[in-house]
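Enquirer: Sending over a structure as structure tokens; questions will come in a sec.
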Amino acid sequence: MSIFKKALASVGVGAAKIDAVLDKRDYMPGERLEGEINIVGGNVEQNIEAIYVRLYTEYEVEHDDKKETRTALIGEFLAAGAFTINIKEKKVIPFSSTLPYDIPYSIGKTKVWISTGLDIKQAIDPSDVDPINIIPSPLADEVFRAFQELGFKMKSGVCKEAGRRHQLRLPFVQEFEFIPYAGDFRGKLDEVELVILSTGENVMEVMLQIDRKARGLSGLFAEALDMDESYVSLSIHKHELPGLKNTLYQLINKYA
């Protein structure tokens, strides 16, 4: 019977169960992700090699006008080393790790989740998946606020495969599309796309793609050749936030 139960546990029947419980659901980049992992033993004793916690998101890839969605590993850490879980035994293991600064925000289609799993040799690894909500950092929040005050509204926020312009740790960038609905840029621009290239607590590197509105035949020709788009990179420092709205206005107006 014991051998039969072990065989069943190896394919997930009667095996140990795992459930991760976070202290909260909303987090900012660079914040501590904290919680506890609840483990309940199954019908047989099992040797656990490790407990891992991994962060994931999805991003779009486009080839030949076809889009597909891929899953990206944002980060991972070891929550516990090897131990044995006895029959029906209950264990609670606290965990804590710092979220990376380049984790995408939960805006638009972008979803972020953690996967917590038990590493068991020669068996299906039990796992638990939990969504988490990544809110903009104070720096990003001020950038989004400045766009709003300039008469833009965010149309979308999506993770896309990183192009050749972006040499980053992750295979994707998060792109935010802003549409001018009021103010000086209404009628001048189609949109402004913002990509966060890297970020930290006090500085953020961004790229703006400024898409001018086509005007007449020459404008339509430029639009067809993507000549109506300008790319601008800039660093936004924490101490520059009071003048951020004016800085963005001058920069966007230069290419409008």
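The chains in the structure tokens are called A, B, ... from first to last as shown; in each chain the residues are counted from 1, and the ligands are counted from 1 in the order shown.
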Write out as a PyMOL selection string all residues of segment 55-165 of chain A that backbone DSSP assigns to strand (DSSP E).
Expert: chain A and resi 55-63+66-80+83-85+90-98+112-119+127-134+152-161
Enquirer: Within 10 Å of segment 141-147 of chain A, counting only C-alpha atoms, which residues show up once you throw out same-chain ones fewer than 2 positions away? Write them as a ChimeraX atom specification, please.
Expert: /A:135-139,149-154,176,178-180,192,194,204,236,238,241-249
Enquirer: Using only C-alpha atoms, can you tell me which of A:Pro100, A:Ile87, A:Gly117, A:Arg70 comes closest to Ile51 of chain A?
Expert: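 Under the stated criterion, the closest residue is A:Gly117.
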Enquirer: With distances taken over only C-alpha atoms, which of A:Val158, A:Met28, A:Ala50, A:Val173 is nearest to Gly200 of chain A?
Expert: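 That would be A:Met28, the residue with the smallest distance to Gly200 of chain A.
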Enquirer: Taking only C-alpha atoms into account, name the residue in A:Ile134, A:Ile74, A:Ile85, A:Ala20 that is nearest to Arg32 of chain A.
Expert: A:Ile134
Enquirer: Please provide the set of residues having any atom within 9 Å of Asn47 of chain A, restricted to only C-alpha atoms, with same-chain residues fewer than 2 positions apart removed, written as a list of chain:residue names.
Expert: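 Skipping anything fewer than 2 positions along the chain leaves A:Glu45, A:Glu49, A:Ala82, A:Phe83, A:Thr84, A:Ile85, A:Asn86, A:Asp119, A:Ile120, A:Lys121.
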Enquirer: Only N, CA, C and O atoms, please: the residues just picked out, written as an mmCIF file, in the first residue's frame.
Expert:
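File written: result.cif
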data_model
loop_
_atom_site.group_PDB
_atom_site.id
_atom_site.type_symbol
_atom_site.label_atom_id
_atom_site.label_comp_id
_atom_site.auth_asym_id
_atom_site.auth_seq_id
_atom_site.Cartn_x
_atom_site.Cartn_y
_atom_site.Cartn_z
ATOM 1 N N GLU A 45 5.030 10.266 3.291
ATOM 2 C CA GLU A 45 6.145 11.165 3.618
ATOM 3 C C GLU A 45 6.860 11.528 2.318
ATOM 4 O O GLU A 45 7.079 10.684 1.454
ATOM 5 N N GLU A 49 13.050 19.031 -1.906
ATOM 6 C CA GLU A 49 14.400 19.528 -2.213
ATOM 7 C C GLU A 49 14.517 21.029 -1.933
ATOM 8 O O GLU A 49 15.544 21.503 -1.452
ATOM 9 N N ALA A 82 16.174 22.049 1.663
ATOM 10 C CA ALA A 82 15.639 20.689 1.751
ATOM 11 C C ALA A 82 15.058 20.377 3.140
ATOM 12 O O ALA A 82 15.580 20.814 4.158
ATOM 13 N N PHE A 83 13.946 19.660 3.148
ATOM 14 C CA PHE A 83 13.336 19.181 4.388
ATOM 15 C C PHE A 83 12.375 18.047 4.043
ATOM 16 O O PHE A 83 12.103 17.759 2.868
ATOM 17 N N THR A 84 11.854 17.394 5.070
ATOM 18 C CA THR A 84 10.902 16.305 4.888
ATOM 19 C C THR A 84 9.544 16.720 5.436
ATOM 20 O O THR A 84 9.462 17.286 6.527
ATOM 21 N N ILE A 85 8.506 16.460 4.679
ATOM 22 C CA ILE A 85 7.146 16.717 5.142
ATOM 23 C C ILE A 85 6.482 15.371 5.419
ATOM 24 O O ILE A 85 6.413 14.498 4.548
ATOM 25 N N ASN A 86 6.044 15.185 6.650
ATOM 26 C CA ASN A 86 5.440 13.912 7.048
ATOM 27 C C ASN A 86 3.968 13.840 6.636
ATOM 28 O O ASN A 86 3.377 14.823 6.194
ATOM 29 N N ASP A 119 9.870 21.647 -4.834
ATOM 30 C CA ASP A 119 10.733 20.877 -5.730
ATOM 31 C C ASP A 119 10.891 19.472 -5.154
ATOM 32 O O ASP A 119 11.565 19.277 -4.140
ATOM 33 N N ILE A 120 10.244 18.507 -5.802
ATOM 34 C CA ILE A 120 10.273 17.121 -5.327
ATOM 35 C C ILE A 120 10.851 16.253 -6.440
ATOM 36 O O ILE A 120 10.346 16.255 -7.564
ATOM 37 N N LYS A 121 11.912 15.497 -6.135
ATOM 38 C CA LYS A 121 12.545 14.655 -7.135
ATOM 39 C C LYS A 121 11.606 13.553 -7.606
ATOM 40 O O LYS A 121 10.885 12.955 -6.827
#
Enquirer: Within 8 Å of Glu201 of chain A, counting only C-alpha atoms, which residues show up once you throw out same-chain ones fewer than 2 positions away? Write them as a PyMOL selection string, please.
Expert: chain A and resi 30+101+139+199+203
Enquirer: Using only C-alpha atoms, which of the listed residues (A:Gly75, A:Ile103, A:Glu68, A:Ile18) sits closest to Ile48 of chain A?
Expert: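 Among the listed residues, the smallest separation from Ile48 of chain A belongs to A:Ile18.
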